[in-house]
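A.B. asks: Below you'll find entry11.pdb; it's PDB, C-alpha atoms, pLDDT in the B column.
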ATOM      1  CA  MET C   1     -10.438  39.623 -61.508  1.00 35.00           C
ATOM      2  CA  SER C   2      -9.454  39.876 -57.840  1.00 39.00           C
ATOM      3  CA  GLU C   3      -8.583  43.281 -56.470  1.00 42.00           C
ATOM      4  CA  PHE C   4      -5.379  43.634 -54.521  1.00 44.00           C
ATOM      5  CA  VAL C   5      -3.576  46.183 -52.431  1.00 53.00           C
ATOM      6  CA  MET C   6       0.200  46.632 -52.361  1.00 65.00           C
ATOM      7  CA  HIS C   7       1.819  47.100 -48.963  1.00 87.00           C
ATOM      8  CA  ILE C   8       5.176  48.643 -48.140  1.00 93.00           C
ATOM      9  CA  ILE C   9       6.683  46.845 -45.148  1.00 94.00           C
ATOM     10  CA  PRO C  10       9.731  48.567 -43.592  1.00 96.00           C
ATOM     11  CA  GLY C  11      12.571  47.040 -41.630  1.00 97.00           C
ATOM     12  CA  ASN C  12      15.778  48.459 -40.189  1.00 98.00           C
ATOM     13  CA  CYS C  13      18.782  47.614 -38.054  1.00 98.00           C
ATOM     14  CA  ARG C  14      22.199  49.138 -37.389  1.00 97.00           C
ATOM     15  CA  HIS C  15      25.249  48.466 -35.249  1.00 96.00           C
ATOM     16  CA  GLN C  16      28.334  50.420 -34.317  1.00 95.00           C
ATOM     17  CA  GLY C  17      30.630  47.508 -35.137  1.00 94.00           C
ATOM     18  CA  SER C  18      34.065  47.857 -33.540  1.00 91.00           C
ATOM     19  CA  ARG C  19      34.348  51.569 -34.286  1.00 92.00           C
ATOM     20  CA  LYS C  20      34.529  54.176 -31.515  1.00 90.00           C
ATOM     21  CA  GLU C  21      31.503  56.045 -32.835  1.00 92.00           C
ATOM     22  CA  GLN C  22      28.312  55.325 -34.751  1.00 93.00           C
ATOM     23  CA  GLN C  23      28.467  57.525 -37.838  1.00 94.00           C
ATOM     24  CA  ASP C  24      25.687  55.786 -39.795  1.00 96.00           C
ATOM     25  CA  ASP C  25      22.181  57.194 -39.697  1.00 97.00           C
ATOM     26  CA  PHE C  26      18.859  56.354 -41.317  1.00 98.00           C
ATOM     27  CA  GLY C  27      15.234  57.394 -41.377  1.00 98.00           C
ATOM     28  CA  PHE C  28      11.867  57.266 -43.122  1.00 98.00           C
ATOM     29  CA  SER C  29       9.361  59.867 -44.223  1.00 97.00           C
ATOM     30  CA  ASP C  30       6.012  59.882 -42.414  1.00 95.00           C
ATOM     31  CA  MET C  31       4.201  56.726 -43.506  1.00 93.00           C
ATOM     32  CA  GLU C  32       1.143  57.697 -41.442  1.00 92.00           C
ATOM     33  CA  ASN C  33       0.350  60.797 -43.511  1.00 94.00           C
ATOM     34  CA  PRO C  34      -1.989  59.529 -46.251  1.00 93.00           C
ATOM     35  CA  ASP C  35      -2.228  62.885 -48.014  1.00 96.00           C
ATOM     36  CA  PHE C  36       1.527  63.052 -48.494  1.00 96.00           C
ATOM     37  CA  VAL C  37       1.940  59.346 -49.291  1.00 95.00           C
ATOM     38  CA  ARG C  38      -0.649  59.764 -52.048  1.00 95.00           C
ATOM     39  CA  HIS C  39       1.638  62.044 -54.060  1.00 96.00           C
ATOM     40  CA  GLY C  40       5.050  61.607 -52.399  1.00 97.00           C
ATOM     41  CA  GLY C  41       5.105  57.922 -51.537  1.00 96.00           C
ATOM     42  CA  VAL C  42       7.383  56.622 -48.782  1.00 97.00           C
ATOM     43  CA  LEU C  43      11.023  57.687 -48.521  1.00 98.00           C
ATOM     44  CA  ALA C  44      13.880  55.788 -46.876  1.00 98.00           C
ATOM     45  CA  VAL C  45      17.347  57.260 -46.341  1.00 98.00           C
ATOM     46  CA  VAL C  46      20.706  55.842 -45.252  1.00 98.00           C
ATOM     47  CA  ALA C  47      23.640  58.188 -44.592  1.00 98.00           C
ATOM     48  CA  ASP C  48      27.183  57.291 -43.589  1.00 96.00           C
ATOM     49  CA  GLY C  49      29.504  59.935 -42.148  1.00 94.00           C
ATOM     50  CA  MET C  50      32.971  59.726 -43.642  1.00 88.00           C
ATOM     51  CA  GLY C  51      35.171  58.308 -40.915  1.00 74.00           C
ATOM     52  CA  GLY C  52      38.388  59.666 -42.348  1.00 68.00           C
ATOM     53  CA  LEU C  53      37.074  63.223 -42.098  1.00 73.00           C
ATOM     54  CA  SER C  54      35.883  65.420 -39.241  1.00 80.00           C
ATOM     55  CA  LEU C  55      32.383  65.417 -37.707  1.00 93.00           C
ATOM     56  CA  GLY C  56      31.323  62.162 -39.356  1.00 93.00           C
ATOM     57  CA  LYS C  57      28.486  61.516 -36.913  1.00 94.00           C
ATOM     58  CA  GLU C  58      27.132  65.041 -37.273  1.00 96.00           C
ATOM     59  CA  ALA C  59      27.413  64.945 -41.067  1.00 96.00           C
ATOM     60  CA  GLY C  60      25.468  61.690 -41.299  1.00 97.00           C
ATOM     61  CA  TYR C  61      22.730  62.963 -38.999  1.00 97.00           C
ATOM     62  CA  ILE C  62      22.359  66.366 -40.649  1.00 98.00           C
ATOM     63  CA  GLY C  63      22.431  64.871 -44.144  1.00 98.00           C
ATOM     64  CA  LYS C  64      19.755  62.305 -43.312  1.00 98.00           C
ATOM     65  CA  THR C  65      17.531  64.731 -41.416  1.00 98.00           C
ATOM     66  CA  THR C  66      17.720  67.468 -44.043  1.00 98.00           C
ATOM     67  CA  MET C  67      16.996  64.993 -46.827  1.00 98.00           C
ATOM     68  CA  ILE C  68      13.821  63.770 -45.155  1.00 98.00           C
ATOM     69  CA  LEU C  69      12.533  67.169 -44.041  1.00 98.00           C
ATOM     70  CA  SER C  70      13.208  68.694 -47.443  1.00 98.00           C
ATOM     71  CA  TYR C  71      11.485  65.838 -49.273  1.00 98.00           C
ATOM     72  CA  GLN C  72       8.436  66.152 -47.025  1.00 98.00           C
ATOM     73  CA  GLU C  73       8.059  69.715 -48.329  1.00 98.00           C
ATOM     74  CA  LYS C  74       7.261  68.257 -51.763  1.00 98.00           C
ATOM     75  CA  SER C  75       4.147  69.765 -53.323  1.00 98.00           C
ATOM     76  CA  VAL C  76       1.550  67.819 -55.275  1.00 97.00           C
ATOM     77  CA  ASP C  77       2.784  69.364 -58.518  1.00 98.00           C
ATOM     78  CA  GLU C  78       6.480  68.596 -57.988  1.00 98.00           C
ATOM     79  CA  SER C  79       7.657  65.304 -59.477  1.00 97.00           C
ATOM     80  CA  ILE C  80       9.258  62.734 -57.205  1.00 98.00           C
ATOM     81  CA  SER C  81      12.498  62.781 -59.178  1.00 98.00           C
ATOM     82  CA  ARG C  82      12.746  66.554 -58.929  1.00 98.00           C
ATOM     83  CA  ALA C  83      11.920  66.474 -55.208  1.00 98.00           C
ATOM     84  CA  LEU C  84      14.647  63.894 -54.586  1.00 98.00           C
ATOM     85  CA  ARG C  85      17.211  65.982 -56.445  1.00 98.00           C
ATOM     86  CA  ARG C  86      16.193  69.177 -54.651  1.00 98.00           C
ATOM     87  CA  SER C  87      16.300  67.439 -51.286  1.00 98.00           C
ATOM     88  CA  LEU C  88      19.718  65.934 -51.945  1.00 98.00           C
ATOM     89  CA  LEU C  89      21.110  69.349 -52.839  1.00 98.00           C
ATOM     90  CA  SER C  90      19.604  70.740 -49.630  1.00 98.00           C
ATOM     91  CA  ALA C  91      21.238  67.934 -47.648  1.00 98.00           C
ATOM     92  CA  ASN C  92      24.548  68.670 -49.344  1.00 98.00           C
ATOM     93  CA  GLU C  93      24.330  72.365 -48.530  1.00 98.00           C
ATOM     94  CA  ALA C  94      23.531  71.500 -44.906  1.00 98.00           C
ATOM     95  CA  VAL C  95      26.727  69.441 -44.612  1.00 97.00           C
ATOM     96  CA  VAL C  96      28.766  72.100 -46.424  1.00 97.00           C
ATOM     97  CA  SER C  97      27.379  74.671 -43.975  1.00 97.00           C
ATOM     98  CA  LEU C  98      28.303  72.423 -41.034  1.00 96.00           C
ATOM     99  CA  ALA C  99      31.877  72.295 -42.290  1.00 94.00           C
ATOM    100  CA  ARG C 100      32.089  76.041 -42.827  1.00 94.00           C
ATOM    101  CA  LYS C 101      30.765  76.840 -39.368  1.00 94.00           C
ATOM    102  CA  ALA C 102      33.290  74.457 -37.805  1.00 93.00           C
ATOM    103  CA  GLY C 103      36.135  75.995 -39.812  1.00 93.00           C
ATOM    104  CA  LYS C 104      36.646  72.673 -41.603  1.00 92.00           C
ATOM    105  CA  LYS C 105      35.894  73.451 -45.238  1.00 89.00           C
ATOM    106  CA  ASN C 106      36.221  70.323 -47.423  1.00 87.00           C
ATOM    107  CA  GLN C 107      36.932  68.248 -44.311  1.00 90.00           C
ATOM    108  CA  VAL C 108      33.391  67.049 -43.510  1.00 94.00           C
ATOM    109  CA  GLY C 109      31.353  64.591 -45.556  1.00 95.00           C
ATOM    110  CA  ALA C 110      28.817  61.784 -45.711  1.00 97.00           C
ATOM    111  CA  THR C 111      27.465  59.324 -48.234  1.00 97.00           C
ATOM    112  CA  LEU C 112      23.722  59.119 -48.796  1.00 98.00           C
ATOM    113  CA  ALA C 113      21.315  56.711 -50.484  1.00 98.00           C
ATOM    114  CA  ALA C 114      17.589  57.467 -50.688  1.00 98.00           C
ATOM    115  CA  ALA C 115      14.713  55.497 -52.197  1.00 98.00           C
ATOM    116  CA  VAL C 116      11.018  56.275 -52.666  1.00 98.00           C
ATOM    117  CA  ILE C 117       8.220  53.823 -53.367  1.00 97.00           C
ATOM    118  CA  HIS C 118       5.145  55.429 -54.900  1.00 95.00           C
ATOM    119  CA  GLN C 119       2.282  53.641 -56.639  1.00 91.00           C
ATOM    120  CA  ASN C 120       4.212  50.408 -57.191  1.00 92.00           C
ATOM    121  CA  ARG C 121       7.267  52.194 -58.587  1.00 96.00           C
ATOM    122  CA  LEU C 122      10.737  52.801 -57.175  1.00 98.00           C
ATOM    123  CA  TYR C 123      12.769  56.007 -57.438  1.00 98.00           C
ATOM    124  CA  TRP C 124      16.262  56.474 -56.026  1.00 98.00           C
ATOM    125  CA  ILE C 125      19.174  58.878 -55.704  1.00 98.00           C
ATOM    126  CA  SER C 126      22.629  58.500 -54.149  1.00 98.00           C
ATOM    127  CA  VAL C 127      26.077  60.001 -53.634  1.00 98.00           C
ATOM    128  CA  GLY C 128      29.110  58.164 -52.349  1.00 96.00           C
ATOM    129  CA  ASP C 129      29.236  54.414 -51.776  1.00 96.00           C
ATOM    130  CA  SER C 130      26.161  53.619 -49.708  1.00 97.00           C
ATOM    131  CA  ARG C 131      24.118  51.302 -51.903  1.00 98.00           C
ATOM    132  CA  ILE C 132      20.592  50.393 -52.947  1.00 98.00           C
ATOM    133  CA  TYR C 133      19.815  46.848 -54.050  1.00 98.00           C
ATOM    134  CA  LEU C 134      16.751  45.178 -55.527  1.00 98.00           C
ATOM    135  CA  CYS C 135      16.241  41.538 -54.572  1.00 98.00           C
ATOM    136  CA  ARG C 136      13.759  39.811 -56.901  1.00 97.00           C
ATOM    137  CA  ASN C 137      13.218  36.072 -57.269  1.00 95.00           C
ATOM    138  CA  ARG C 138      16.355  35.445 -55.183  1.00 94.00           C
ATOM    139  CA  VAL C 139      18.515  37.524 -57.493  1.00 97.00           C
ATOM    140  CA  LEU C 140      20.346  40.554 -56.039  1.00 98.00           C
ATOM    141  CA  ILE C 141      20.731  43.575 -58.327  1.00 97.00           C
ATOM    142  CA  LYS C 142      22.825  46.613 -57.380  1.00 98.00           C
ATOM    143  CA  LEU C 143      20.881  49.673 -58.529  1.00 98.00           C
ATOM    144  CA  THR C 144      23.277  52.446 -57.538  1.00 97.00           C
ATOM    145  CA  GLN C 145      26.751  53.261 -58.764  1.00 95.00           C
ATOM    146  CA  ASP C 146      29.613  53.712 -56.297  1.00 95.00           C
ATOM    147  CA  HIS C 147      31.344  57.073 -56.575  1.00 95.00           C
ATOM    148  CA  LEU C 148      34.882  55.788 -56.111  1.00 92.00           C
ATOM    149  CA  TYR C 149      38.205  56.691 -57.706  1.00 89.00           C
ATOM    150  CA  GLY C 150      38.608  53.040 -58.657  1.00 86.00           C
ATOM    151  CA  ARG C 151      35.884  53.429 -61.279  1.00 89.00           C
ATOM    152  CA  LEU C 152      37.922  56.167 -62.982  1.00 88.00           C
ATOM    153  CA  LEU C 153      41.077  54.046 -62.725  1.00 92.00           C
ATOM    154  CA  ASP C 154      39.300  51.147 -64.448  1.00 90.00           C
ATOM    155  CA  VAL C 155      38.313  53.426 -67.342  1.00 90.00           C
ATOM    156  CA  ARG C 156      41.934  54.569 -67.725  1.00 91.00           C
ATOM    157  CA  ALA C 157      43.128  50.967 -67.617  1.00 92.00           C
ATOM    158  CA  ALA C 158      40.584  49.907 -70.243  1.00 94.00           C
ATOM    159  CA  SER C 159      41.837  52.634 -72.583  1.00 94.00           C
ATOM    160  CA  GLY C 160      45.442  51.573 -72.061  1.00 92.00           C
ATOM    161  CA  GLU C 161      46.414  54.785 -70.296  1.00 92.00           C
ATOM    162  CA  ILE C 162      47.584  52.863 -67.223  1.00 91.00           C
ATOM    163  CA  ALA C 163      48.303  49.205 -66.491  1.00 91.00           C
ATOM    164  CA  ILE C 164      45.506  47.017 -65.121  1.00 92.00           C
ATOM    165  CA  LYS C 165      47.692  46.129 -62.138  1.00 90.00           C
ATOM    166  CA  GLU C 166      48.168  49.814 -61.358  1.00 91.00           C
ATOM    167  CA  ALA C 167      44.414  50.353 -61.402  1.00 90.00           C
ATOM    168  CA  LEU C 168      43.701  47.374 -59.175  1.00 93.00           C
ATOM    169  CA  PHE C 169      46.316  48.185 -56.551  1.00 92.00           C
ATOM    170  CA  HIS C 170      46.226  51.976 -56.571  1.00 92.00           C
ATOM    171  CA  PRO C 171      46.443  53.283 -52.962  1.00 89.00           C
ATOM    172  CA  TYR C 172      43.479  55.630 -53.515  1.00 87.00           C
ATOM    173  CA  ARG C 173      41.270  53.148 -55.324  1.00 91.00           C
ATOM    174  CA  ASP C 174      38.604  53.280 -52.587  1.00 87.00           C
ATOM    175  CA  ALA C 175      38.646  57.073 -52.243  1.00 90.00           C
ATOM    176  CA  LEU C 176      35.239  58.695 -52.680  1.00 92.00           C
ATOM    177  CA  THR C 177      34.746  61.038 -55.614  1.00 93.00           C
ATOM    178  CA  SER C 178      31.350  62.361 -54.507  1.00 95.00           C
ATOM    179  CA  GLY C 179      29.316  62.781 -51.352  1.00 96.00           C
ATOM    180  CA  LEU C 180      27.500  65.234 -49.139  1.00 97.00           C
ATOM    181  CA  GLY C 181      29.847  68.055 -48.194  1.00 95.00           C
ATOM    182  CA  TRP C 182      31.300  68.528 -51.667  1.00 94.00           C
ATOM    183  CA  GLU C 183      31.355  72.244 -52.489  1.00 91.00           C
ATOM    184  CA  ASN C 184      30.741  71.390 -56.142  1.00 89.00           C
ATOM    185  CA  LEU C 185      28.610  68.243 -56.239  1.00 92.00           C
ATOM    186  CA  LYS C 186      29.075  66.930 -59.780  1.00 88.00           C
ATOM    187  CA  GLU C 187      28.465  63.194 -59.402  1.00 94.00           C
ATOM    188  CA  VAL C 188      24.919  62.202 -58.444  1.00 97.00           C
ATOM    189  CA  ASN C 189      23.390  58.825 -59.248  1.00 97.00           C
ATOM    190  CA  GLN C 190      19.648  58.909 -59.971  1.00 98.00           C
ATOM    191  CA  ASN C 191      17.336  56.680 -62.004  1.00 96.00           C
ATOM    192  CA  ASN C 192      15.751  58.538 -64.907  1.00 85.00           C
ATOM    193  CA  THR C 193      12.867  56.083 -65.246  1.00 94.00           C
ATOM    194  CA  PRO C 194      11.092  54.676 -62.174  1.00 97.00           C
ATOM    195  CA  LEU C 195      11.377  50.928 -61.684  1.00 97.00           C
ATOM    196  CA  SER C 196       8.113  48.955 -61.627  1.00 96.00           C
ATOM    197  CA  LEU C 197       7.986  46.730 -58.559  1.00 96.00           C
ATOM    198  CA  LYS C 198       6.595  43.211 -58.294  1.00 94.00           C
ATOM    199  CA  ASN C 199       5.039  41.240 -55.478  1.00 93.00           C
ATOM    200  CA  GLY C 200       7.722  39.943 -53.123  1.00 94.00           C
ATOM    201  CA  ASP C 201      10.402  42.452 -54.127  1.00 96.00           C
ATOM    202  CA  ARG C 202      12.831  43.602 -51.445  1.00 97.00           C
ATOM    203  CA  ILE C 203      14.662  46.932 -51.576  1.00 98.00           C
ATOM    204  CA  LEU C 204      17.818  47.129 -49.438  1.00 98.00           C
ATOM    205  CA  LEU C 205      19.574  50.376 -48.584  1.00 98.00           C
ATOM    206  CA  CYS C 206      22.830  49.849 -46.733  1.00 98.00           C
ATOM    207  CA  SER C 207      26.131  51.396 -45.734  1.00 97.00           C
ATOM    208  CA  ASP C 208      29.399  49.884 -46.916  1.00 95.00           C
ATOM    209  CA  GLY C 209      29.891  48.146 -43.594  1.00 95.00           C
ATOM    210  CA  VAL C 210      27.153  45.708 -44.649  1.00 97.00           C
ATOM    211  CA  TYR C 211      28.052  44.816 -48.232  1.00 97.00           C
ATOM    212  CA  LYS C 212      31.798  44.717 -47.566  1.00 95.00           C
ATOM    213  CA  THR C 213      31.231  42.164 -44.804  1.00 96.00           C
ATOM    214  CA  LEU C 214      28.589  39.892 -46.331  1.00 97.00           C
ATOM    215  CA  VAL C 215      28.680  37.977 -49.607  1.00 95.00           C
ATOM    216  CA  GLU C 216      25.828  38.165 -52.097  1.00 95.00           C
ATOM    217  CA  ASN C 217      24.377  34.750 -51.297  1.00 95.00           C
ATOM    218  CA  GLU C 218      24.149  35.616 -47.598  1.00 96.00           C
ATOM    219  CA  ILE C 219      22.279  38.840 -48.368  1.00 97.00           C
ATOM    220  CA  VAL C 220      19.834  37.083 -50.707  1.00 97.00           C
ATOM    221  CA  GLN C 221      19.108  34.318 -48.221  1.00 95.00           C
ATOM    222  CA  MET C 222      18.249  36.744 -45.416  1.00 95.00           C
ATOM    223  CA  LEU C 223      16.181  39.120 -47.556  1.00 96.00           C
ATOM    224  CA  SER C 224      13.607  36.393 -48.161  1.00 87.00           C
ATOM    225  CA  GLY C 225      12.143  36.874 -44.674  1.00 88.00           C
ATOM    226  CA  HIS C 226      10.088  39.638 -43.083  1.00 94.00           C
ATOM    227  CA  PRO C 227      11.874  42.984 -43.636  1.00 97.00           C
ATOM    228  CA  GLN C 228      12.464  43.659 -39.935  1.00 97.00           C
ATOM    229  CA  GLN C 229      13.754  40.157 -39.276  1.00 97.00           C
ATOM    230  CA  ALA C 230      15.838  40.337 -42.448  1.00 97.00           C
ATOM    231  CA  ALA C 231      17.502  43.605 -41.404  1.00 98.00           C
ATOM    232  CA  GLU C 232      18.336  42.177 -37.987  1.00 98.00           C
ATOM    233  CA  ALA C 233      19.665  38.964 -39.548  1.00 97.00           C
ATOM    234  CA  LEU C 234      21.959  40.889 -41.894  1.00 98.00           C
ATOM    235  CA  ILE C 235      23.585  42.745 -39.021  1.00 97.00           C
ATOM    236  CA  LYS C 236      23.726  39.676 -36.780  1.00 97.00           C
ATOM    237  CA  THR C 237      25.412  37.622 -39.497  1.00 97.00           C
ATOM    238  CA  ALA C 238      27.923  40.378 -40.213  1.00 96.00           C
ATOM    239  CA  LEU C 239      28.794  40.616 -36.520  1.00 96.00           C
ATOM    240  CA  SER C 240      29.193  36.837 -36.294  1.00 95.00           C
ATOM    241  CA  LYS C 241      32.217  37.092 -38.593  1.00 93.00           C
ATOM    242  CA  GLN C 242      34.001  38.953 -35.757  1.00 92.00           C
ATOM    243  CA  LEU C 243      36.070  41.143 -38.033  1.00 90.00           C
ATOM    244  CA  GLN C 244      38.722  43.064 -36.125  1.00 89.00           C
ATOM    245  CA  ASN C 245      37.932  46.427 -37.731  1.00 90.00           C
ATOM    246  CA  GLN C 246      34.217  46.019 -38.351  1.00 94.00           C
ATOM    247  CA  ASP C 247      32.770  49.243 -39.716  1.00 93.00           C
ATOM    248  CA  ASN C 248      29.427  50.756 -38.693  1.00 95.00           C
ATOM    249  CA  MET C 249      26.586  48.841 -40.350  1.00 97.00           C
ATOM    250  CA  THR C 250      23.094  49.957 -41.321  1.00 98.00           C
ATOM    251  CA  ALA C 251      20.462  47.992 -43.223  1.00 98.00           C
ATOM    252  CA  VAL C 252      17.098  49.471 -44.200  1.00 98.00           C
ATOM    253  CA  ILE C 253      14.634  47.314 -46.104  1.00 98.00           C
ATOM    254  CA  PHE C 254      11.393  47.914 -47.958  1.00 97.00           C
ATOM    255  CA  GLY C 255       9.277  44.815 -48.476  1.00 96.00           C
ATOM    256  CA  PHE C 256       6.728  45.045 -51.297  1.00 92.00           C
ATOM    257  CA  GLU C 257       3.830  42.677 -50.748  1.00 85.00           C
ATOM    258  CA  ARG C 258       0.438  42.085 -52.276  1.00 72.00           C
ATOM    259  CA  ASP C 259      -2.730  41.262 -50.371  1.00 63.00           C
ATOM    260  CA  VAL C 260      -5.343  39.629 -52.562  1.00 42.00           C
TER     261      VAL C 260
END
Write the structure described by the file as structure tokens, please.
C.D. replies:
Amino acid sequence: MSEFVMHIIPGNCRHQGSRKEQQDDFGFSDMENPDFVRHGGVLAVVADGMGGLSLGKEAGYIGKTTMILSYQEKSVDESISRALRRSLLSANEAVVSLARKAGKKNQVGATLAAAVIHQNRLYWISVGDSRIYLCRNRVLIKLTQDHLYGRLLDVRAASGEIAIKEALFHPYRDALTSGLGWENLKEVNQNNTPLSLKNGDRILLCSDGVYKTLVENEIVQMLSGHPQQAAEALIKTALSKQLQNQDNMTAVIFGFERDV
């Protein structure tokens, strides 16, 4: 039987869109540290400062940076899932602290999506509406759950508490119900069981500026290429639509490839 080695191939691209400020941020853990990769794998993070609140750029940067630095403190004995949760809580406290110091309690926030690949398995955690997708065999699967008020409205509509029309057209349907900067962070999305990866899989982390601009078929088509080229193609295609109020866009991709 032939031996093979699995490779993690990263790609990334972002653009300010038509907004006055780039409030998206992203980063990776140190892929060149074999001792850490052996027990901690490789981490990717996308954060999106909340544009409707104060200090969006700073919140995205601090959330992303704290998440990565905290995760890189993971010990050999700490599980990846526990390290992700601990690091997310540290990132949240960092954004809460930013707000307090600026005298803007509950007025600063950011979304965050983080994924780790370790020994052919995928772990993730998220708050807000930045997303993580798996693309396998040209099928796109959304792994994360958006923390939006619309989800709660849909539950109320399904139970008959409110009309379906009211749920669909509620003015606060797209309001976030969780994110970095929440004093009491109740909603966190995390997979309980790691996902086994297969040769050719693509993992996409992105801010809402990407998935709200592109349709699923466009994303799938571009993810088939090299991760760096795919990330650039996603942003280029989104920009080609020339939307008047194009949001910040960030795409981070992990390619999972096998060398026989």
A.B. asks: Written as an NGL selection string, which residues does the PyMOL selection byres ((chain C and resi 61) around 9) give for the file shown?
C.D. replies: :C and (23-26 or 47-49 or 56-60 or 62-66)
A.B. asks: Once the PyMOL selection byres ((chain C and resi 91-95) around 9) has been evaluated on this model, what residues remain selected, and can you format them as a ChimeraX atom specification?
C.D. replies: /C:58-60,62-68,70,86-90,96-100,108-110,179-183,185
A.B. asks: Atoms to include: C-alpha atoms. Write the selected residues as a CSV table (one decimal), keeping the file's coordinate frame.
C.D. replies:
chain,number,residue,atom,x,y,z
C,58,GLU,CA,27.1,65.0,-37.3
C,59,ALA,CA,27.4,64.9,-41.1
C,60,GLY,CA,25.5,61.7,-41.3
C,62,ILE,CA,22.4,66.4,-40.6
C,63,GLY,CA,22.4,64.9,-44.1
C,64,LYS,CA,19.8,62.3,-43.3
C,65,THR,CA,17.5,64.7,-41.4
C,66,THR,CA,17.7,67.5,-44.0
C,67,MET,CA,17.0,65.0,-46.8
C,68,ILE,CA,13.8,63.8,-45.2
C,70,SER,CA,13.2,68.7,-47.4
C,86,ARG,CA,16.2,69.2,-54.7
C,87,SER,CA,16.3,67.4,-51.3
C,88,LEU,CA,19.7,65.9,-51.9
C,89,LEU,CA,21.1,69.3,-52.8
C,90,SER,CA,19.6,70.7,-49.6
C,96,VAL,CA,28.8,72.1,-46.4
C,97,SER,CA,27.4,74.7,-44.0
C,98,LEU,CA,28.3,72.4,-41.0
C,99,ALA,CA,31.9,72.3,-42.3
C,100,ARG,CA,32.1,76.0,-42.8
C,108,VAL,CA,33.4,67.0,-43.5
C,109,GLY,CA,31.4,64.6,-45.6
C,110,ALA,CA,28.8,61.8,-45.7
C,179,GLY,CA,29.3,62.8,-51.4
C,180,LEU,CA,27.5,65.2,-49.1
C,181,GLY,CA,29.8,68.1,-48.2
C,182,TRP,CA,31.3,68.5,-51.7
C,183,GLU,CA,31.4,72.2,-52.5
C,185,LEU,CA,28.6,68.2,-56.2
A.B. asks: Name the residues captured by the PyMOL selection byres ((chain C and resi 44) around 9) when it is applied to the shown file; answer as a count of residues only.
C.D. replies: 19
A.B. asks: What is the CA of Ser224 in chain C-CA of Ser81 in chain C distance in Å, reported with one decimal?
C.D. replies: 28.6 Å
A.B. asks: So which one's closest to Leu197 in chain C, C:Glu232, C:Asp247, C:Asp174, C:Glu257? Using only C-alpha atoms, please.
C.D. replies: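 Among C:Glu232, C:Asp247, C:Asp174, C:Glu257, it is C:Glu257 that comes nearest to Leu197 in chain C.
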A.B. asks: Please, which residues are within 12 Å of (9.2, 45.6, -55.6) by the file's coordinates, counting all atoms listed in the file, and could they come as a ChimeraX atom specification?
C.D. replies: /C:6-9,115-123,133-137,194-204,253-258
A.B. asks: Taking only C-alpha atoms into account, name the residue in C:Gln228, C:Ser79, C:Gln22, C:Thr213 that is nearest to Ser240 in chain C.
C.D. replies: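 Of all the options, C:Thr213 lies closest to Ser240 in chain C.
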A.B. asks: Mind giving me the straight-line distance from CA of Tyr149 in chain C to CA of Arg173 in chain C in Å, one decimal?
C.D. replies: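 Distance reported for this atom pair: 5.3 Å.
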A.B. asks: So how many Å separate CA of Ala251 in chain C and CA of Cys206 in chain C, to one decimal?
C.D. replies: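 Between these atoms lies a distance of 4.6 Å.
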A.B. asks: Calculated over all atoms listed in the file, which of the candidates C:Gln221, C:Asn33, C:Gly40, C:Leu112 has the smallest distance to Val76 in chain C?
C.D. replies: C:Gly40
A.B. asks: Name the closest residue to Ser207 in chain C among the candidates C:Leu223, C:Ile132, C:Val139, C:Leu153; distances are taken between atoms, counting only C-alpha atoms.
C.D. replies: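 Looking at the shortest contact to Ser207 in chain C, the residue is C:Ile132.
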A.B. asks: As AutoDock Vina command-line options, please: the centre and edge lengths in Å, to one decimal, of an axis-aligned box enclosing every listed atom of range 184-187 of chain C with 4 Å added on each side.
C.D. replies:
--center_x 29.6 --center_y 67.3 --center_z -58.0 --size_x 10.3 --size_y 16.2 --size_z 11.6
A.B. asks: For Asn189 in chain C, which of C:Met50, C:Leu84, C:Val220, C:Met31 is the closest residue, counting all atoms listed in the file?
C.D. replies: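 Closest candidate: C:Leu84.
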A.B. asks: Give me the residues near Met222 in chain C as a list in words, where near means some atom within 12 Å (using only C-alpha atoms) and where sequence neighbours in that chain fewer than 3 positions away do not count.
C.D. replies: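 That gives Cys135, Arg138, Leu140, Arg202, Leu204, Leu214, Val215, Glu216, Asn217, Glu218, Ile219, Gly225, His226, Pro227, Gln228, Gln229, Ala230, Ala231, Glu232, Ala233, Leu234, Ile235, Lys236, Thr237, Ala238, Ala251 and Ile253 of chain C.
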A.B. asks: Which residue out of C:Leu55, C:Ala175, C:His170, C:Lys104 has the minimum interatomic distance to Glu21 in chain C when all atoms listed in the file are used?
C.D. replies: C:Leu55
A.B. asks: I'd like the contact shell of Asp146 in chain C - 10 Å cut-off, only C-alpha atoms, skipping same-chain residues fewer than 5 positions apart - returned as a PyMOL selection string.
C.D. replies: chain C and resi 126-131+151+174+176-178+188-189
